[in-house]
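Student: Let me give you the structure first, and then I'll get to my questions.
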Amino acid sequence: MREWSFIVNNQVVDTIDQQGRTKEAFYWIVLDKVYELTKQYGASVGVYSRSRDEYSYV
């Protein structure tokens with residue numbers, strides 16, 4: 001299962017998984033979540049993909 005964690009100020013603030021959604025639909029959900037958290041915390045949001053073992057800042 002594809003699971004992504006959202007990190008703000010070195011803390012995981014939320015985690016979501018794909019739950020059968022298409023890859024394209026899931027990416028839109030991830031982008032929406034990043035926008036929401038950036039607005040809420042006023043800081044950069046790190047996104048960690050557990051299935052890919054990949055981390056990036058948005």
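Ordering of the structure tokens sets the chain letters (A, B, ...); residue numbers start at 1 within each chain; ligands are numbered from 1 in the order shown.
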Fewer than 2 positions away in the same chain doesn't count, so skip those; otherwise give me all residues within 9 Å of segment 7-21 of chain A, counting only C-alpha atoms, as a ChimeraX atom specification.

Tutor: /A:1-5,23-26,30,37-38,41,43-48,57

Student: Assign secondary structure with DSSP using the backbone only, and return the residues of segment 13-57 of chain A in strand (DSSP E) as a VMD selection string.

Tutor: chain A and resid 13 to 17 46 to 49 54 to 57

Student: Between atom CA of Tyr55 of chain A and atom CA of Asp32 of chain A, what is the spacing in Å?

Tutor: 17.5 Å
